[in-house]
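For reference, my_file.cif (mmCIF, N, CA and C atoms):
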```cif
data_entry
loop_
_atom_site.label_atom_id
_atom_site.label_comp_id
_atom_site.auth_asym_id
_atom_site.auth_seq_id
_atom_site.Cartn_x
_atom_site.Cartn_y
_atom_site.Cartn_z
N MET G 15 8.11 30.45 -7.37
CA MET G 15 7.76 29.29 -8.15
C MET G 15 7.91 28.05 -7.27
N PRO G 16 6.89 27.19 -7.18
CA PRO G 16 6.98 26.02 -6.31
C PRO G 16 7.93 24.98 -6.85
N ASP G 17 8.55 24.27 -5.92
CA ASP G 17 9.40 23.15 -6.31
C ASP G 17 8.53 22.04 -6.86
N VAL G 18 8.99 21.42 -7.91
CA VAL G 18 8.27 20.30 -8.51
C VAL G 18 9.17 19.08 -8.38
N ALA G 19 8.63 18.05 -7.75
CA ALA G 19 9.41 16.81 -7.62
C ALA G 19 9.41 16.09 -8.96
N HIS G 20 10.57 15.73 -9.39
CA HIS G 20 10.68 14.97 -10.64
C HIS G 20 10.60 13.49 -10.31
N ARG G 21 9.73 12.81 -11.02
CA ARG G 21 9.59 11.37 -10.80
C ARG G 21 10.72 10.65 -11.52
N ARG G 22 11.32 9.77 -10.81
CA ARG G 22 12.34 8.94 -11.44
C ARG G 22 11.65 7.80 -12.16
N ALA G 23 12.20 7.44 -13.28
CA ALA G 23 11.64 6.32 -14.02
C ALA G 23 11.82 5.05 -13.20
N GLU G 24 10.77 4.27 -13.12
CA GLU G 24 10.85 3.00 -12.41
C GLU G 24 11.75 2.05 -13.19
N PRO G 25 12.52 1.23 -12.50
CA PRO G 25 13.36 0.27 -13.22
C PRO G 25 12.49 -0.79 -13.89
N PRO G 26 12.98 -1.34 -14.99
CA PRO G 26 12.22 -2.44 -15.61
C PRO G 26 12.20 -3.62 -14.64
N VAL G 27 11.06 -4.26 -14.52
CA VAL G 27 10.95 -5.41 -13.61
C VAL G 27 10.37 -6.61 -14.35
N ILE G 28 10.55 -7.75 -13.74
CA ILE G 28 9.97 -9.00 -14.19
C ILE G 28 9.02 -9.45 -13.10
N LYS G 29 7.82 -9.82 -13.49
CA LYS G 29 6.82 -10.28 -12.53
C LYS G 29 7.03 -11.77 -12.22
N GLN G 30 7.20 -12.06 -10.94
CA GLN G 30 7.31 -13.44 -10.48
C GLN G 30 5.99 -13.86 -9.86
N LEU G 31 5.57 -15.07 -10.15
CA LEU G 31 4.39 -15.65 -9.51
C LEU G 31 4.86 -16.74 -8.57
N ALA G 32 4.53 -16.63 -7.30
CA ALA G 32 4.81 -17.69 -6.32
C ALA G 32 3.51 -18.46 -6.14
N VAL G 33 3.53 -19.73 -6.47
CA VAL G 33 2.34 -20.57 -6.43
C VAL G 33 2.52 -21.62 -5.34
N PHE G 34 1.56 -21.67 -4.42
CA PHE G 34 1.63 -22.62 -3.31
C PHE G 34 1.00 -23.94 -3.75
N LEU G 35 1.77 -25.01 -3.57
CA LEU G 35 1.35 -26.34 -4.03
C LEU G 35 1.36 -27.32 -2.86
N PRO G 36 0.42 -28.28 -2.88
CA PRO G 36 0.51 -29.35 -1.88
C PRO G 36 1.73 -30.20 -2.21
N ASN G 37 2.36 -30.73 -1.21
CA ASN G 37 3.55 -31.56 -1.43
C ASN G 37 3.09 -32.98 -1.75
N ARG G 38 2.53 -33.12 -2.97
CA ARG G 38 2.00 -34.41 -3.44
C ARG G 38 2.55 -34.71 -4.82
N LEU G 39 2.62 -35.99 -5.12
CA LEU G 39 3.06 -36.45 -6.42
C LEU G 39 2.20 -35.84 -7.53
N GLY G 40 2.82 -35.21 -8.49
CA GLY G 40 2.11 -34.66 -9.65
C GLY G 40 1.57 -33.26 -9.49
N ALA G 41 1.72 -32.63 -8.33
CA ALA G 41 1.17 -31.30 -8.10
C ALA G 41 1.80 -30.25 -9.04
N LEU G 42 3.10 -30.31 -9.21
CA LEU G 42 3.78 -29.36 -10.09
C LEU G 42 3.34 -29.56 -11.54
N LEU G 43 3.25 -30.80 -11.96
CA LEU G 43 2.81 -31.09 -13.32
C LEU G 43 1.39 -30.58 -13.57
N SER G 44 0.51 -30.77 -12.62
CA SER G 44 -0.87 -30.29 -12.77
C SER G 44 -0.90 -28.77 -12.92
N MET G 45 -0.10 -28.08 -12.14
CA MET G 45 -0.05 -26.62 -12.23
C MET G 45 0.47 -26.18 -13.59
N THR G 46 1.51 -26.83 -14.09
CA THR G 46 2.05 -26.44 -15.39
C THR G 46 1.08 -26.75 -16.53
N ARG G 47 0.28 -27.78 -16.39
CA ARG G 47 -0.74 -28.07 -17.41
C ARG G 47 -1.74 -26.93 -17.52
N CYS G 48 -2.09 -26.34 -16.40
CA CYS G 48 -3.00 -25.19 -16.38
C CYS G 48 -2.44 -24.06 -17.26
N LEU G 49 -1.13 -23.82 -17.16
CA LEU G 49 -0.49 -22.77 -17.96
C LEU G 49 -0.36 -23.19 -19.43
N ASP G 50 -0.04 -24.45 -19.65
CA ASP G 50 0.12 -24.96 -21.01
C ASP G 50 -1.17 -24.84 -21.83
N THR G 51 -2.32 -25.06 -21.20
CA THR G 51 -3.58 -24.99 -21.93
C THR G 51 -3.82 -23.60 -22.51
N LEU G 52 -3.19 -22.57 -21.94
CA LEU G 52 -3.33 -21.20 -22.44
C LEU G 52 -2.15 -20.79 -23.32
N GLY G 53 -1.24 -21.71 -23.57
CA GLY G 53 -0.07 -21.40 -24.39
C GLY G 53 0.93 -20.50 -23.71
N LEU G 54 0.95 -20.51 -22.38
CA LEU G 54 1.89 -19.68 -21.63
C LEU G 54 3.24 -20.37 -21.53
N ALA G 55 4.30 -19.60 -21.67
CA ALA G 55 5.65 -20.15 -21.61
C ALA G 55 6.28 -19.85 -20.25
N ILE G 56 6.77 -20.89 -19.60
CA ILE G 56 7.51 -20.73 -18.35
C ILE G 56 8.96 -20.44 -18.72
N ARG G 57 9.45 -19.28 -18.29
CA ARG G 57 10.82 -18.87 -18.61
C ARG G 57 11.81 -19.22 -17.50
N ALA G 58 11.31 -19.40 -16.29
CA ALA G 58 12.16 -19.80 -15.17
C ALA G 58 11.27 -20.42 -14.10
N VAL G 59 11.85 -21.37 -13.38
CA VAL G 59 11.13 -22.00 -12.27
C VAL G 59 12.12 -22.28 -11.15
N ASN G 60 11.66 -22.08 -9.93
CA ASN G 60 12.45 -22.34 -8.75
C ASN G 60 11.49 -22.93 -7.72
N ILE G 61 11.82 -24.09 -7.18
CA ILE G 61 10.93 -24.76 -6.24
C ILE G 61 11.54 -24.72 -4.84
N ILE G 62 10.71 -24.32 -3.87
CA ILE G 62 11.09 -24.34 -2.46
C ILE G 62 10.22 -25.40 -1.80
N ASP G 63 10.85 -26.40 -1.24
CA ASP G 63 10.15 -27.55 -0.69
C ASP G 63 10.10 -27.48 0.83
N ALA G 64 8.94 -27.82 1.39
CA ALA G 64 8.77 -27.95 2.83
C ALA G 64 8.08 -29.29 3.09
N ALA G 65 7.87 -29.62 4.34
CA ALA G 65 7.30 -30.92 4.67
C ALA G 65 5.89 -31.11 4.11
N ASP G 66 5.06 -30.09 4.18
CA ASP G 66 3.66 -30.26 3.78
C ASP G 66 3.25 -29.45 2.56
N HIS G 67 4.15 -28.64 2.01
CA HIS G 67 3.82 -27.86 0.82
C HIS G 67 5.10 -27.51 0.06
N ALA G 68 4.90 -26.95 -1.11
CA ALA G 68 6.01 -26.42 -1.90
C ALA G 68 5.57 -25.07 -2.45
N VAL G 69 6.55 -24.23 -2.73
CA VAL G 69 6.29 -22.97 -3.38
C VAL G 69 7.05 -22.98 -4.70
N ALA G 70 6.30 -22.83 -5.79
CA ALA G 70 6.91 -22.75 -7.12
C ALA G 70 7.00 -21.29 -7.51
N ARG G 71 8.21 -20.79 -7.65
CA ARG G 71 8.42 -19.42 -8.14
C ARG G 71 8.55 -19.52 -9.65
N LEU G 72 7.68 -18.81 -10.35
CA LEU G 72 7.63 -18.89 -11.81
C LEU G 72 7.82 -17.52 -12.45
N LEU G 73 8.55 -17.49 -13.54
CA LEU G 73 8.59 -16.35 -14.43
C LEU G 73 7.98 -16.84 -15.74
N VAL G 74 6.92 -16.18 -16.18
CA VAL G 74 6.21 -16.59 -17.39
C VAL G 74 6.12 -15.42 -18.36
N ASP G 75 5.81 -15.73 -19.60
CA ASP G 75 5.76 -14.68 -20.61
C ASP G 75 4.57 -13.73 -20.43
N ARG G 76 3.45 -14.19 -19.90
CA ARG G 76 2.28 -13.33 -19.68
C ARG G 76 1.76 -13.55 -18.26
N PRO G 77 2.36 -12.84 -17.29
CA PRO G 77 2.06 -13.11 -15.89
C PRO G 77 0.63 -12.78 -15.47
N THR G 78 0.03 -11.76 -16.05
CA THR G 78 -1.34 -11.40 -15.65
C THR G 78 -2.30 -12.53 -16.02
N LEU G 79 -2.20 -13.03 -17.24
CA LEU G 79 -3.05 -14.14 -17.68
C LEU G 79 -2.77 -15.39 -16.86
N ALA G 80 -1.50 -15.66 -16.58
CA ALA G 80 -1.13 -16.84 -15.79
C ALA G 80 -1.71 -16.76 -14.39
N LYS G 81 -1.61 -15.59 -13.77
CA LYS G 81 -2.13 -15.42 -12.41
C LYS G 81 -3.64 -15.63 -12.39
N GLU G 82 -4.35 -15.04 -13.35
CA GLU G 82 -5.80 -15.21 -13.42
C GLU G 82 -6.18 -16.68 -13.58
N ALA G 83 -5.47 -17.39 -14.45
CA ALA G 83 -5.77 -18.80 -14.69
C ALA G 83 -5.50 -19.65 -13.46
N LEU G 84 -4.40 -19.39 -12.78
CA LEU G 84 -4.06 -20.17 -11.59
C LEU G 84 -5.05 -19.90 -10.46
N LEU G 85 -5.42 -18.64 -10.28
CA LEU G 85 -6.42 -18.31 -9.25
C LEU G 85 -7.75 -18.98 -9.56
N ALA G 86 -8.14 -19.00 -10.83
CA ALA G 86 -9.40 -19.63 -11.23
C ALA G 86 -9.39 -21.13 -10.95
N GLU G 87 -8.20 -21.74 -10.97
CA GLU G 87 -8.07 -23.18 -10.69
C GLU G 87 -7.93 -23.46 -9.20
N GLY G 88 -7.95 -22.41 -8.37
CA GLY G 88 -7.91 -22.59 -6.93
C GLY G 88 -6.53 -22.52 -6.29
N TYR G 89 -5.51 -22.14 -7.06
CA TYR G 89 -4.17 -22.01 -6.50
C TYR G 89 -4.04 -20.69 -5.76
N SER G 90 -3.22 -20.68 -4.71
CA SER G 90 -2.84 -19.44 -4.03
C SER G 90 -1.62 -18.89 -4.75
N VAL G 91 -1.70 -17.61 -5.14
CA VAL G 91 -0.63 -17.01 -5.94
C VAL G 91 -0.25 -15.66 -5.36
N VAL G 92 1.05 -15.40 -5.26
CA VAL G 92 1.56 -14.10 -4.82
C VAL G 92 2.46 -13.57 -5.92
N GLU G 93 2.26 -12.30 -6.30
CA GLU G 93 3.06 -11.67 -7.34
C GLU G 93 4.13 -10.78 -6.71
N THR G 94 5.36 -10.86 -7.25
CA THR G 94 6.49 -10.09 -6.75
C THR G 94 7.27 -9.54 -7.92
N ASP G 95 7.85 -8.36 -7.76
CA ASP G 95 8.71 -7.77 -8.79
C ASP G 95 10.16 -8.19 -8.56
N LEU G 96 10.82 -8.62 -9.64
CA LEU G 96 12.24 -8.96 -9.61
C LEU G 96 12.97 -8.09 -10.63
N LEU G 97 14.26 -7.93 -10.42
CA LEU G 97 15.11 -7.30 -11.43
C LEU G 97 15.68 -8.41 -12.30
N GLY G 98 15.69 -8.18 -13.59
CA GLY G 98 16.34 -9.11 -14.53
C GLY G 98 17.63 -8.46 -14.99
N VAL G 99 18.74 -9.15 -14.79
CA VAL G 99 20.04 -8.59 -15.14
C VAL G 99 20.67 -9.45 -16.23
N ALA G 100 20.88 -8.86 -17.41
CA ALA G 100 21.54 -9.58 -18.50
C ALA G 100 23.00 -9.79 -18.11
N LEU G 101 23.45 -11.01 -18.29
CA LEU G 101 24.83 -11.35 -17.93
C LEU G 101 25.71 -11.37 -19.18
N PRO G 102 26.90 -10.83 -19.07
CA PRO G 102 27.80 -10.88 -20.22
C PRO G 102 28.23 -12.33 -20.48
N ARG G 103 28.58 -12.59 -21.71
CA ARG G 103 29.07 -13.94 -22.05
C ARG G 103 30.24 -14.31 -21.15
N GLY G 104 30.23 -15.54 -20.69
CA GLY G 104 31.32 -16.01 -19.85
C GLY G 104 31.15 -15.74 -18.37
N GLY G 105 29.97 -15.27 -17.95
CA GLY G 105 29.77 -15.09 -16.51
C GLY G 105 29.12 -13.79 -16.16
N GLY G 106 29.48 -13.28 -15.01
CA GLY G 106 28.93 -12.02 -14.56
C GLY G 106 28.16 -12.12 -13.26
N VAL G 107 27.82 -13.34 -12.81
CA VAL G 107 27.05 -13.49 -11.58
C VAL G 107 27.81 -12.87 -10.41
N ARG G 108 29.08 -13.18 -10.30
CA ARG G 108 29.88 -12.65 -9.19
C ARG G 108 29.91 -11.12 -9.23
N GLN G 109 30.02 -10.55 -10.43
CA GLN G 109 30.08 -9.10 -10.55
C GLN G 109 28.76 -8.45 -10.12
N VAL G 110 27.62 -9.08 -10.45
CA VAL G 110 26.32 -8.57 -10.02
C VAL G 110 26.24 -8.59 -8.49
N LEU G 111 26.59 -9.74 -7.91
CA LEU G 111 26.54 -9.89 -6.45
C LEU G 111 27.49 -8.92 -5.76
N GLN G 112 28.67 -8.75 -6.32
CA GLN G 112 29.65 -7.84 -5.74
C GLN G 112 29.16 -6.40 -5.79
N ALA G 113 28.58 -5.98 -6.90
CA ALA G 113 28.08 -4.60 -7.03
C ALA G 113 27.00 -4.33 -5.99
N LEU G 114 26.11 -5.29 -5.78
CA LEU G 114 25.04 -5.11 -4.80
C LEU G 114 25.57 -5.12 -3.37
N LEU G 115 26.57 -5.96 -3.10
CA LEU G 115 27.18 -5.99 -1.77
C LEU G 115 27.88 -4.67 -1.46
N LEU G 116 28.64 -4.16 -2.42
CA LEU G 116 29.35 -2.90 -2.20
C LEU G 116 28.39 -1.74 -1.96
N ALA G 117 27.19 -1.82 -2.52
CA ALA G 117 26.17 -0.80 -2.30
C ALA G 117 25.34 -1.09 -1.05
N GLU G 118 25.71 -2.16 -0.33
CA GLU G 118 25.04 -2.57 0.91
C GLU G 118 23.54 -2.83 0.70
N LEU G 119 23.25 -3.52 -0.43
CA LEU G 119 21.88 -3.89 -0.74
C LEU G 119 21.69 -5.38 -0.46
N ASN G 120 20.71 -5.70 0.34
CA ASN G 120 20.46 -7.08 0.72
C ASN G 120 19.79 -7.84 -0.42
N ILE G 121 20.35 -9.00 -0.75
CA ILE G 121 19.80 -9.87 -1.78
C ILE G 121 19.00 -10.95 -1.08
N HIS G 122 17.73 -11.07 -1.41
CA HIS G 122 16.89 -12.11 -0.81
C HIS G 122 17.09 -13.45 -1.50
N TYR G 123 17.10 -13.44 -2.84
CA TYR G 123 17.38 -14.66 -3.60
C TYR G 123 17.63 -14.32 -5.05
N VAL G 124 18.25 -15.25 -5.76
CA VAL G 124 18.51 -15.14 -7.20
C VAL G 124 18.26 -16.48 -7.85
N TYR G 125 17.93 -16.47 -9.11
CA TYR G 125 17.92 -17.66 -9.96
C TYR G 125 18.00 -17.24 -11.40
N SER G 126 18.32 -18.19 -12.28
CA SER G 126 18.53 -17.85 -13.69
C SER G 126 17.28 -18.12 -14.51
N LEU G 127 17.18 -17.39 -15.62
CA LEU G 127 16.08 -17.57 -16.56
C LEU G 127 16.49 -18.54 -17.65
N ILE G 128 15.51 -19.19 -18.21
CA ILE G 128 15.74 -20.08 -19.34
C ILE G 128 15.68 -19.22 -20.59
N GLY G 129 16.82 -18.67 -20.96
CA GLY G 129 16.93 -17.85 -22.16
C GLY G 129 16.19 -16.53 -22.12
N GLY G 130 16.88 -15.44 -22.33
CA GLY G 130 16.24 -14.14 -22.49
C GLY G 130 15.79 -13.99 -23.93
N ALA G 131 15.14 -12.89 -24.23
CA ALA G 131 14.62 -12.66 -25.58
C ALA G 131 15.72 -12.71 -26.63
N SER G 132 16.90 -12.20 -26.30
CA SER G 132 18.00 -12.17 -27.26
C SER G 132 18.92 -13.38 -27.11
N GLY G 133 18.56 -14.32 -26.25
CA GLY G 133 19.41 -15.47 -26.00
C GLY G 133 20.47 -15.20 -24.96
N THR G 134 20.50 -14.01 -24.41
CA THR G 134 21.46 -13.63 -23.38
C THR G 134 21.07 -14.26 -22.05
N PRO G 135 22.02 -14.83 -21.31
CA PRO G 135 21.69 -15.34 -19.98
C PRO G 135 21.20 -14.21 -19.08
N VAL G 136 20.19 -14.49 -18.27
CA VAL G 136 19.61 -13.47 -17.40
C VAL G 136 19.52 -14.01 -15.98
N LEU G 137 19.90 -13.18 -15.03
CA LEU G 137 19.80 -13.50 -13.62
C LEU G 137 18.61 -12.73 -13.04
N ALA G 138 17.66 -13.46 -12.43
CA ALA G 138 16.52 -12.83 -11.75
C ALA G 138 16.94 -12.58 -10.31
N VAL G 139 16.77 -11.35 -9.84
CA VAL G 139 17.26 -10.96 -8.52
C VAL G 139 16.13 -10.31 -7.73
N HIS G 140 15.93 -10.80 -6.50
CA HIS G 140 14.98 -10.18 -5.58
C HIS G 140 15.81 -9.48 -4.51
N VAL G 141 15.66 -8.16 -4.45
CA VAL G 141 16.44 -7.34 -3.50
C VAL G 141 15.51 -6.49 -2.67
N GLU G 142 16.04 -5.97 -1.56
CA GLU G 142 15.22 -5.18 -0.65
C GLU G 142 14.86 -3.81 -1.24
N ASP G 143 15.68 -3.24 -2.10
CA ASP G 143 15.42 -1.93 -2.69
C ASP G 143 15.67 -1.99 -4.19
N PRO G 144 14.66 -2.39 -4.97
CA PRO G 144 14.86 -2.57 -6.42
C PRO G 144 15.33 -1.30 -7.15
N ALA G 145 14.81 -0.14 -6.77
CA ALA G 145 15.21 1.10 -7.45
C ALA G 145 16.70 1.39 -7.23
N ALA G 146 17.16 1.24 -5.99
CA ALA G 146 18.57 1.47 -5.70
C ALA G 146 19.44 0.43 -6.39
N ALA G 147 19.01 -0.82 -6.38
CA ALA G 147 19.76 -1.89 -7.03
C ALA G 147 19.85 -1.64 -8.53
N ALA G 148 18.75 -1.21 -9.14
CA ALA G 148 18.75 -0.92 -10.57
C ALA G 148 19.74 0.19 -10.90
N ARG G 149 19.77 1.23 -10.07
CA ARG G 149 20.72 2.34 -10.28
C ARG G 149 22.16 1.84 -10.21
N VAL G 150 22.46 1.06 -9.18
CA VAL G 150 23.82 0.55 -8.98
C VAL G 150 24.24 -0.33 -10.15
N LEU G 151 23.36 -1.23 -10.55
CA LEU G 151 23.70 -2.15 -11.64
C LEU G 151 23.87 -1.40 -12.97
N ALA G 152 23.02 -0.41 -13.22
CA ALA G 152 23.15 0.39 -14.45
C ALA G 152 24.47 1.15 -14.45
N GLU G 153 24.85 1.70 -13.29
CA GLU G 153 26.12 2.41 -13.18
C GLU G 153 27.31 1.50 -13.45
N LYS G 154 27.17 0.22 -13.13
CA LYS G 154 28.24 -0.75 -13.37
C LYS G 154 28.19 -1.32 -14.78
N GLY G 155 27.24 -0.84 -15.59
CA GLY G 155 27.18 -1.25 -16.99
C GLY G 155 26.32 -2.46 -17.28
N PHE G 156 25.56 -2.93 -16.30
CA PHE G 156 24.68 -4.07 -16.55
C PHE G 156 23.39 -3.62 -17.21
N GLU G 157 22.90 -4.44 -18.13
CA GLU G 157 21.62 -4.18 -18.80
C GLU G 157 20.51 -4.84 -18.00
N LEU G 158 19.45 -4.06 -17.71
CA LEU G 158 18.30 -4.61 -16.99
C LEU G 158 17.24 -5.04 -18.00
N ILE G 159 16.66 -6.21 -17.74
CA ILE G 159 15.68 -6.82 -18.63
C ILE G 159 14.32 -6.68 -17.99
N GLY G 160 13.33 -6.21 -18.74
CA GLY G 160 11.97 -6.07 -18.23
C GLY G 160 11.06 -7.19 -18.69
N GLN G 161 9.85 -7.21 -18.14
CA GLN G 161 8.86 -8.23 -18.45
C GLN G 161 8.60 -8.32 -19.96
N ASP G 162 8.55 -7.19 -20.64
CA ASP G 162 8.24 -7.19 -22.06
C ASP G 162 9.28 -7.96 -22.89
N GLU G 163 10.47 -8.12 -22.34
CA GLU G 163 11.51 -8.85 -23.06
C GLU G 163 11.42 -10.36 -22.84
N LEU G 164 10.48 -10.80 -22.01
CA LEU G 164 10.25 -12.23 -21.83
C LEU G 164 9.12 -12.72 -22.72
N GLU G 165 8.35 -11.80 -23.27
CA GLU G 165 7.16 -12.17 -24.06
C GLU G 165 7.51 -12.55 -25.47
#
```

In structure tokens, what does this structure look like?
Amino acid sequence: MPDVAHRRAEPPVIKQLAVFLPNRLGALLSMTRCLDTLGLAIRAVNIIDAADHAVARLLVDRPTLAKEALLAEGYSVVETDLLGVALPRGGGVRQVLQALLLAELNIHYVYSLIGGASGTPVLAVHVEDPAAAARVLAEKGFELIGQDELE
């Protein structure tokens, strides 16, 4: 009887949109208006500023529609998967970081979401190995939040 590889369930992920903006007055506002006209909700935003441009990292309730709209308006957009980690009341950021460090998983960046579906604080985490990070965090008792919980 041949061996059959069992597929592991993929961890729940949150889709991040990185939008490249000119470093000009009102550029961020113009981009958000594009999303507002479609009734899209921005759940988190993180801005990286450089001399001649900025990168807006966005978590939105409907990323596919947001990406299509932004591309249609001429924006450059890159989509990335992040892990969403529900934080216990009173903190938990240090515990998330510590669990990933002990598992020797490199963290590229983190930022917080503006309210999860249940009102629970959520930390968005970009790591080098999302599947391994999801396993480690689940073993430590953290709840992972997927894209569907932002809608």

Go through G:Ile61, G:Leu119, G:Val74, G:Thr51 and flag the residue nearest Ala147 of chain G, using all atoms listed in the file for the distances. G:Leu119

For this structure, which residues satisfy the selection - the PyMOL selection byres (((chain G and resi 106 and name CA) around 12) and name CA) - when it is evaluated on the file as given? I want them as a PyMOL selection string. chain G and resi 99-105+107-113+126+134-137+151+154-157

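Proximity of G:Leu35, G:Ala83, G:Val139, G:Ala148 to Leu96 of chain G, computed with all atoms listed in the file, is greatest for G:Val139.
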
Run DSSP on the backbone and tell me which residues of segment 118-157 of chain G come out as strand (DSSP E or B); list them as a PyMOL selection string. chain G and resi 121-126+136-141

Any chance you could resolve the PyMOL selection byres ((chain G and resi 92) around 7) against this file and give the residues as a PyMOL selection string? chain G and resi 30-34+90-91+93-94

Please evaluate the PyMOL selection byres ((chain G and resi 159) around 6.5) against the structure above and give the resulting residues as a count of residues only. 13

What gap, in Å, lies between atom N of Ala145 of chain G and atom CA of Val124 of chain G? 15.5 Å

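The two atoms in question, atom C of Asn60 of chain G and atom N of Glu24 of chain G, are spaced 27.7 Å apart.
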